[in-house]
$ cat data01.pdb   # PDB, C-alpha atoms
ATOM      1  CA  MET A  55     -40.272  34.518   8.555
ATOM      2  CA  ASP A  56     -39.238  31.041   9.713
ATOM      3  CA  PHE A  57     -35.630  30.082   9.028
ATOM      4  CA  ALA A  58     -35.783  26.698  10.763
ATOM      5  CA  PHE A  59     -35.096  23.474   8.913
ATOM      6  CA  ASP A  60     -38.138  21.309   8.273
ATOM      7  CA  GLU A  61     -38.523  17.769   9.620
ATOM      8  CA  ASP A  62     -36.812  16.112   6.635
ATOM      9  CA  GLN A  63     -33.883  18.529   6.782
ATOM     10  CA  GLU A  64     -33.481  17.909  10.510
ATOM     11  CA  LEU A  65     -33.386  14.163   9.796
ATOM     12  CA  LEU A  66     -30.731  14.825   7.129
ATOM     13  CA  ARG A  67     -28.676  16.781   9.676
ATOM     14  CA  GLU A  68     -29.007  14.070  12.313
ATOM     15  CA  THR A  69     -28.076  11.341   9.822
ATOM     16  CA  THR A  70     -25.009  13.286   8.686
ATOM     17  CA  ARG A  71     -23.977  13.925  12.288
ATOM     18  CA  ARG A  72     -24.289  10.248  13.245
ATOM     19  CA  PHE A  73     -22.402   9.205  10.125
ATOM     20  CA  LEU A  74     -19.537  11.591  10.897
ATOM     21  CA  ASP A  75     -19.418  10.555  14.554
ATOM     22  CA  GLU A  76     -19.042   6.945  13.442
ATOM     23  CA  ARG A  77     -16.905   7.236  10.288
ATOM     24  CA  HIS A  78     -14.905  10.446  10.758
ATOM     25  CA  PRO A  79     -14.668  11.336  14.457
ATOM     26  CA  LEU A  80     -12.588  14.325  15.551
ATOM     27  CA  ALA A  81     -10.037  12.041  17.191
ATOM     28  CA  ALA A  82      -9.365  10.369  13.823
ATOM     29  CA  LEU A  83      -8.945  13.755  12.172
ATOM     30  CA  ARG A  84      -6.473  14.926  14.822
ATOM     31  CA  SER A  85      -4.240  11.944  14.127
ATOM     32  CA  LYS A  86      -4.121  12.865  10.417
ATOM     33  CA  LEU A  87      -3.318  16.567  10.825
ATOM     34  CA  GLU A  88       0.414  16.010  10.381
ATOM     35  CA  THR A  89       0.013  13.848   7.267
ATOM     36  CA  ASP A  90      -0.134  14.944   3.616
ATOM     37  CA  SER A  91      -3.913  14.564   3.431
ATOM     38  CA  THR A  92      -6.792  14.494   5.871
ATOM     39  CA  PHE A  93      -9.213  13.476   3.134
ATOM     40  CA  ASP A  94     -10.558   9.916   3.232
ATOM     41  CA  ARG A  95     -12.070   8.862  -0.100
ATOM     42  CA  ALA A  96     -13.961   5.930   1.428
ATOM     43  CA  VAL A  97     -15.759   8.299   3.808
ATOM     44  CA  TRP A  98     -16.380  10.699   0.909
ATOM     45  CA  LYS A  99     -17.908   7.968  -1.246
ATOM     46  CA  ASP A 100     -20.162   6.781   1.571
ATOM     47  CA  GLY A 101     -21.114  10.398   2.299
ATOM     48  CA  ALA A 102     -22.118  10.759  -1.339
ATOM     49  CA  GLU A 103     -24.672   8.003  -0.714
ATOM     50  CA  LEU A 104     -26.153  10.320   1.933
ATOM     51  CA  GLY A 105     -26.487  13.079  -0.662
ATOM     52  CA  TRP A 106     -23.387  15.186   0.000
ATOM     53  CA  THR A 107     -22.697  15.474  -3.740
ATOM     54  CA  SER A 108     -26.135  15.207  -5.316
ATOM     55  CA  MET A 109     -28.401  17.891  -3.892
ATOM     56  CA  LEU A 110     -27.847  20.333  -6.787
ATOM     57  CA  VAL A 111     -27.947  17.708  -9.547
ATOM     58  CA  PRO A 112     -31.271  16.925 -11.268
ATOM     59  CA  GLU A 113     -32.789  13.485 -10.712
ATOM     60  CA  ALA A 114     -32.430  12.769 -14.446
ATOM     61  CA  TYR A 115     -28.655  12.694 -13.884
ATOM     62  CA  GLY A 116     -28.646  10.664 -10.676
ATOM     63  CA  GLY A 117     -28.996  13.539  -8.228
ATOM     64  CA  GLY A 118     -31.828  14.846  -6.181
ATOM     65  CA  SER A 119     -32.510  16.571  -2.926
ATOM     66  CA  VAL A 120     -34.439  15.588   0.168
ATOM     67  CA  THR A 121     -36.954  18.428  -0.096
ATOM     68  CA  GLU A 122     -38.003  20.952  -2.721
ATOM     69  CA  GLN A 123     -35.208  23.203  -1.418
ATOM     70  CA  PRO A 124     -31.966  21.583  -2.627
ATOM     71  CA  LEU A 125     -29.724  24.457  -1.561
ATOM     72  CA  VAL A 126     -31.214  24.485   1.939
ATOM     73  CA  ASP A 127     -30.750  20.705   2.092
ATOM     74  CA  LEU A 128     -27.097  21.191   1.172
ATOM     75  CA  VAL A 129     -26.770  23.906   3.830
ATOM     76  CA  ALA A 130     -28.118  21.425   6.403
ATOM     77  CA  ILE A 131     -25.415  18.941   5.375
ATOM     78  CA  ALA A 132     -22.678  21.585   5.213
ATOM     79  CA  GLY A 133     -23.502  22.772   8.723
ATOM     80  CA  GLU A 134     -22.895  19.296  10.101
ATOM     81  CA  LEU A 135     -19.739  18.838   8.030
ATOM     82  CA  GLY A 136     -18.425  22.101   9.457
ATOM     83  CA  ARG A 137     -19.454  21.125  12.970
ATOM     84  CA  GLY A 138     -17.462  17.907  12.599
ATOM     85  CA  LEU A 139     -14.509  19.658  10.893
ATOM     86  CA  TYR A 140     -14.885  17.348   7.904
ATOM     87  CA  PRO A 141     -12.043  18.209   5.466
ATOM     88  CA  GLY A 142     -13.703  17.015   2.255
ATOM     89  CA  PRO A 143     -14.246  19.119  -0.885
ATOM     90  CA  VAL A 144     -17.997  19.617  -0.457
ATOM     91  CA  LEU A 145     -18.104  23.216  -1.689
ATOM     92  CA  PRO A 146     -16.069  22.891  -4.909
ATOM     93  CA  THR A 147     -17.599  19.547  -5.852
ATOM     94  CA  ASN A 148     -21.151  20.852  -5.462
ATOM     95  CA  VAL A 149     -20.428  24.145  -7.229
ATOM     96  CA  VAL A 150     -18.923  22.285 -10.187
ATOM     97  CA  ALA A 151     -21.798  19.766 -10.230
ATOM     98  CA  ASP A 152     -24.299  22.634 -10.268
ATOM     99  CA  ALA A 153     -22.390  24.422 -13.046
ATOM    100  CA  ILE A 154     -22.339  21.273 -15.184
ATOM    101  CA  ALA A 155     -26.023  20.571 -14.457
ATOM    102  CA  THR A 156     -26.980  24.150 -15.302
ATOM    103  CA  PHE A 157     -24.659  25.031 -18.181
ATOM    104  CA  GLY A 158     -23.241  21.768 -19.527
ATOM    105  CA  ASP A 159     -24.506  20.083 -22.639
ATOM    106  CA  ASP A 160     -26.195  16.698 -22.377
ATOM    107  CA  ALA A 161     -22.977  14.800 -23.163
ATOM    108  CA  GLN A 162     -21.072  16.641 -20.402
ATOM    109  CA  LYS A 163     -23.866  15.979 -17.935
ATOM    110  CA  LYS A 164     -23.935  12.260 -18.749
ATOM    111  CA  GLU A 165     -20.146  11.955 -18.690
ATOM    112  CA  ARG A 166     -19.370  13.951 -15.536
ATOM    113  CA  LEU A 167     -22.314  14.062 -13.168
ATOM    114  CA  ASP A 168     -22.627  10.345 -12.491
ATOM    115  CA  GLY A 169     -19.126  10.085 -11.027
ATOM    116  CA  ILE A 170     -19.583  13.244  -8.978
ATOM    117  CA  VAL A 171     -22.948  12.116  -7.582
ATOM    118  CA  ARG A 172     -21.557   8.684  -6.637
ATOM    119  CA  GLY A 173     -18.540  10.255  -4.914
ATOM    120  CA  GLU A 174     -16.111   8.681  -7.387
ATOM    121  CA  CYS A 175     -15.022  12.014  -8.874
ATOM    122  CA  VAL A 176     -13.908  14.978  -6.797
ATOM    123  CA  ALA A 177     -14.336  18.210  -8.711
ATOM    124  CA  ALA A 178     -12.460  21.491  -8.307
ATOM    125  CA  TRP A 179     -12.655  24.937  -9.840
ATOM    126  CA  CYS A 180     -10.341  27.729 -10.743
ATOM    127  CA  ALA A 181     -11.697  31.140 -11.600
ATOM    128  CA  THR A 182      -8.662  33.394 -11.986
ATOM    129  CA  GLY A 183      -4.903  33.268 -12.114
ATOM    130  CA  ASP A 184      -4.454  35.186  -8.881
ATOM    131  CA  GLY A 185      -7.383  33.800  -6.897
ATOM    132  CA  SER A 186      -9.357  37.046  -7.069
ATOM    133  CA  ALA A 187     -12.840  37.494  -8.492
ATOM    134  CA  ASP A 188     -11.553  39.975 -11.087
ATOM    135  CA  PRO A 189     -12.471  38.796 -14.625
ATOM    136  CA  GLU A 190      -9.342  40.539 -15.925
ATOM    137  CA  ALA A 191      -7.265  38.065 -13.895
ATOM    138  CA  ILE A 192      -8.438  35.002 -15.857
ATOM    139  CA  GLU A 193      -5.293  33.416 -17.215
ATOM    140  CA  VAL A 194      -6.542  29.973 -18.241
ATOM    141  CA  GLU A 195      -8.060  29.311 -21.642
ATOM    142  CA  ALA A 196      -9.858  26.195 -22.810
ATOM    143  CA  SER A 197      -9.657  24.868 -26.349
ATOM    144  CA  THR A 198     -10.815  21.651 -27.956
ATOM    145  CA  SER A 199      -8.193  18.970 -28.352
ATOM    146  CA  GLY A 200      -9.149  15.642 -29.878
ATOM    147  CA  ASP A 201     -12.281  14.535 -28.073
ATOM    148  CA  GLY A 202     -11.570  16.619 -24.959
ATOM    149  CA  LEU A 203     -10.533  20.027 -23.772
ATOM    150  CA  ARG A 204      -7.094  21.422 -23.251
ATOM    151  CA  LEU A 205      -6.520  23.979 -20.526
ATOM    152  CA  GLN A 206      -3.588  26.305 -20.933
ATOM    153  CA  GLY A 207      -2.413  29.090 -18.665
ATOM    154  CA  THR A 208      -1.678  29.737 -15.021
ATOM    155  CA  ALA A 209      -3.990  29.101 -12.119
ATOM    156  CA  CYS A 210      -2.438  29.963  -8.784
ATOM    157  CA  TYR A 211      -5.414  28.856  -6.720
ATOM    158  CA  VAL A 212      -7.506  25.772  -7.452
ATOM    159  CA  HIS A 213      -9.835  24.911  -4.588
ATOM    160  CA  ASP A 214      -8.931  21.425  -3.278
ATOM    161  CA  ALA A 215      -6.685  20.722  -6.289
ATOM    162  CA  HIS A 216      -4.686  18.209  -4.255
ATOM    163  CA  GLU A 217      -7.794  16.013  -3.954
ATOM    164  CA  ALA A 218      -9.462  16.697  -7.298
ATOM    165  CA  ASP A 219      -9.843  14.263 -10.139
TER     166      ASP A 219
END
$ encode --input "data01.pdb" --output "structure tokens"
Amino acid sequence: MDFAFDEDQELLRETTRRFLDERHPLAALRSKLETDSTFDRAVWKDGAELGWTSMLVPEAYGGGSVTEQPLVDLVAIAGELGRGLYPGPVLPTNVVADAIATFGDDAQKKERLDGIVRGECVAAWCATGDGSADPEAIEVEASTSGDGLRLQGTACYVHDAHEAD
């Protein structure tokens, strides 16, 4: 079994690496470590143009992957982001985008996915009140309110909440 990336995925990795070296070098990150946020939305938005936020979103909603293996394409990107210690919310944004693309209705897909794919909306998730995977620990309930949803309850851990829209 061959676990190597194909030629297109290697090009994706190289492109991501060059982009990070130019736009988000380690030296720049070190200087931000003592600030409130290491996240740079301009870099995030430009990274979205490279596919950081779109691999798990169908083409019909502005997404698309490089190959027929969108998750492997995202792994190729994530490996480079980790290598460069990029502090952006790649995991939660992509998980939420995939959840909306898979389980959302057409209106939710049209309303939410475009901003995520373009890097204009940073998504976050919260599963339980205590951060565990225990379904009994879910303490947040959603109900309709006007033309939106109202969340009520306690969520002690929301992945990248400080950056989320």
$ resolve_selection --input "data01.pdb" --expression "the PyMOL selection byres ((chain A and resi 206) around 12)" --output "mmCIF file with C-alpha atoms, in the frame of the given file"
data_model
loop_
_atom_site.group_PDB
_atom_site.id
_atom_site.type_symbol
_atom_site.label_atom_id
_atom_site.label_comp_id
_atom_site.auth_asym_id
_atom_site.auth_seq_id
_atom_site.Cartn_x
_atom_site.Cartn_y
_atom_site.Cartn_z
ATOM 1 C CA GLY A 183 -4.903 33.268 -12.114
ATOM 2 C CA ILE A 192 -8.438 35.002 -15.857
ATOM 3 C CA GLU A 193 -5.293 33.416 -17.215
ATOM 4 C CA VAL A 194 -6.542 29.973 -18.241
ATOM 5 C CA GLU A 195 -8.060 29.311 -21.642
ATOM 6 C CA ALA A 196 -9.858 26.195 -22.810
ATOM 7 C CA SER A 197 -9.657 24.868 -26.349
ATOM 8 C CA THR A 198 -10.815 21.651 -27.956
ATOM 9 C CA SER A 199 -8.193 18.970 -28.352
ATOM 10 C CA LEU A 203 -10.533 20.027 -23.772
ATOM 11 C CA ARG A 204 -7.094 21.422 -23.251
ATOM 12 C CA LEU A 205 -6.520 23.979 -20.526
ATOM 13 C CA GLY A 207 -2.413 29.090 -18.665
ATOM 14 C CA THR A 208 -1.678 29.737 -15.021
ATOM 15 C CA ALA A 209 -3.990 29.101 -12.119
#
$ resolve_selection --input "data01.pdb" --expression "the PyMOL selection byres ((chain A and resi 216) around 10)" --output "list in words"
Asp90, Ser91, Phe93, Ala178, Val212, His213, Asp214, Ala215, Glu217, Ala218 and Asp219 of chain A
$ resolve_selection --input "data01.pdb" --expression "the PyMOL selection byres ((chain A and resi 99) around 12)" --output "PyMOL selection string"
chain A and resi 77+93-98+100-108+142-144+169-176
$ write_last_selection --input "data01.pdb" --atoms "C-alpha atoms" --output "PDB file, in the coordinates of the input"
ATOM      1  CA  ARG A  77     -16.905   7.236  10.288  1.00  0.00           C
ATOM      2  CA  PHE A  93      -9.213  13.476   3.134  1.00  0.00           C
ATOM      3  CA  ASP A  94     -10.558   9.916   3.232  1.00  0.00           C
ATOM      4  CA  ARG A  95     -12.070   8.862  -0.100  1.00  0.00           C
ATOM      5  CA  ALA A  96     -13.961   5.930   1.428  1.00  0.00           C
ATOM      6  CA  VAL A  97     -15.759   8.299   3.808  1.00  0.00           C
ATOM      7  CA  TRP A  98     -16.380  10.699   0.909  1.00  0.00           C
ATOM      8  CA  ASP A 100     -20.162   6.781   1.571  1.00  0.00           C
ATOM      9  CA  GLY A 101     -21.114  10.398   2.299  1.00  0.00           C
ATOM     10  CA  ALA A 102     -22.118  10.759  -1.339  1.00  0.00           C
ATOM     11  CA  GLU A 103     -24.672   8.003  -0.714  1.00  0.00           C
ATOM     12  CA  LEU A 104     -26.153  10.320   1.933  1.00  0.00           C
ATOM     13  CA  GLY A 105     -26.487  13.079  -0.662  1.00  0.00           C
ATOM     14  CA  TRP A 106     -23.387  15.186   0.000  1.00  0.00           C
ATOM     15  CA  THR A 107     -22.697  15.474  -3.740  1.00  0.00           C
ATOM     16  CA  SER A 108     -26.135  15.207  -5.316  1.00  0.00           C
ATOM     17  CA  GLY A 142     -13.703  17.015   2.255  1.00  0.00           C
ATOM     18  CA  PRO A 143     -14.246  19.119  -0.885  1.00  0.00           C
ATOM     19  CA  VAL A 144     -17.997  19.617  -0.457  1.00  0.00           C
ATOM     20  CA  GLY A 169     -19.126  10.085 -11.027  1.00  0.00           C
ATOM     21  CA  ILE A 170     -19.583  13.244  -8.978  1.00  0.00           C
ATOM     22  CA  VAL A 171     -22.948  12.116  -7.582  1.00  0.00           C
ATOM     23  CA  ARG A 172     -21.557   8.684  -6.637  1.00  0.00           C
ATOM     24  CA  GLY A 173     -18.540  10.255  -4.914  1.00  0.00           C
ATOM     25  CA  GLU A 174     -16.111   8.681  -7.387  1.00  0.00           C
ATOM     26  CA  CYS A 175     -15.022  12.014  -8.874  1.00  0.00           C
ATOM     27  CA  VAL A 176     -13.908  14.978  -6.797  1.00  0.00           C
TER      28      VAL A 176
END
$ atom_distance --input "data01.pdb" --atom1 "CA of Arg72 (chain A)" --atom2 "CA of Trp179 (chain A)"
29.7 Å
$ atom_distance --input "data01.pdb" --atom1 "CA of Tyr211 (chain A)" --atom2 "CA of Pro146 (chain A)"
12.3 Å
$ residues_around --input "data01.pdb" --residues "Arg67 (chain A)" --least-positions-apart "4" --cutoff "9 Å" --atoms "only C-alpha atoms" --output "PDB file with C-alpha atoms, in the coordinates of the input"
ATOM      1  CA  ASP A  62     -36.812  16.112   6.635  1.00  0.00           C
ATOM      2  CA  GLN A  63     -33.883  18.529   6.782  1.00  0.00           C
ATOM      3  CA  ARG A  71     -23.977  13.925  12.288  1.00  0.00           C
ATOM      4  CA  ARG A  72     -24.289  10.248  13.245  1.00  0.00           C
ATOM      5  CA  ASP A 127     -30.750  20.705   2.092  1.00  0.00           C
ATOM      6  CA  ALA A 130     -28.118  21.425   6.403  1.00  0.00           C
ATOM      7  CA  ILE A 131     -25.415  18.941   5.375  1.00  0.00           C
ATOM      8  CA  ALA A 132     -22.678  21.585   5.213  1.00  0.00           C
ATOM      9  CA  GLY A 133     -23.502  22.772   8.723  1.00  0.00           C
ATOM     10  CA  GLU A 134     -22.895  19.296  10.101  1.00  0.00           C
TER      11      GLU A 134
END
$ residues_around --input "data01.pdb" --residues "Leu125 (chain A)" --least-positions-apart "5" --cutoff "9 Å" --atoms "all atoms listed in the file" --output "ChimeraX atom specification"
/A:109-110,119,130
$ atom_distance --input "data01.pdb" --atom1 "CA of Pro112 (chain A)" --atom2 "CA of Thr147 (chain A)"
14.9 Å
$ residues_near_point --input "data01.pdb" --point "(-39.9, 18.0, 5.3)" --cutoff "10 Å" --atoms "all atoms listed in the file" --output "PyMOL selection string"
chain A and resi 59-66+120-123
$ closest_residue --input "data01.pdb" --among "A:Ala82, A:Gly158, A:Asp75, A:Ala177" --to "Leu145 (chain A)" --atoms "all atoms listed in the file"
A:Ala177
$ residues_around --input "data01.pdb" --residues "Ala114 (chain A)" --least-positions-apart "6" --cutoff "12 Å" --atoms "all atoms listed in the file" --output "MDAnalysis selection string"
chainID A and resid 108 155 160 163:164 167:168 171
$ closest_residue --input "data01.pdb" --among "A:Ala58, A:Leu74, A:Val149, A:Val126" --to "Cys180 (chain A)" --atoms "all atoms listed in the file"
A:Val149
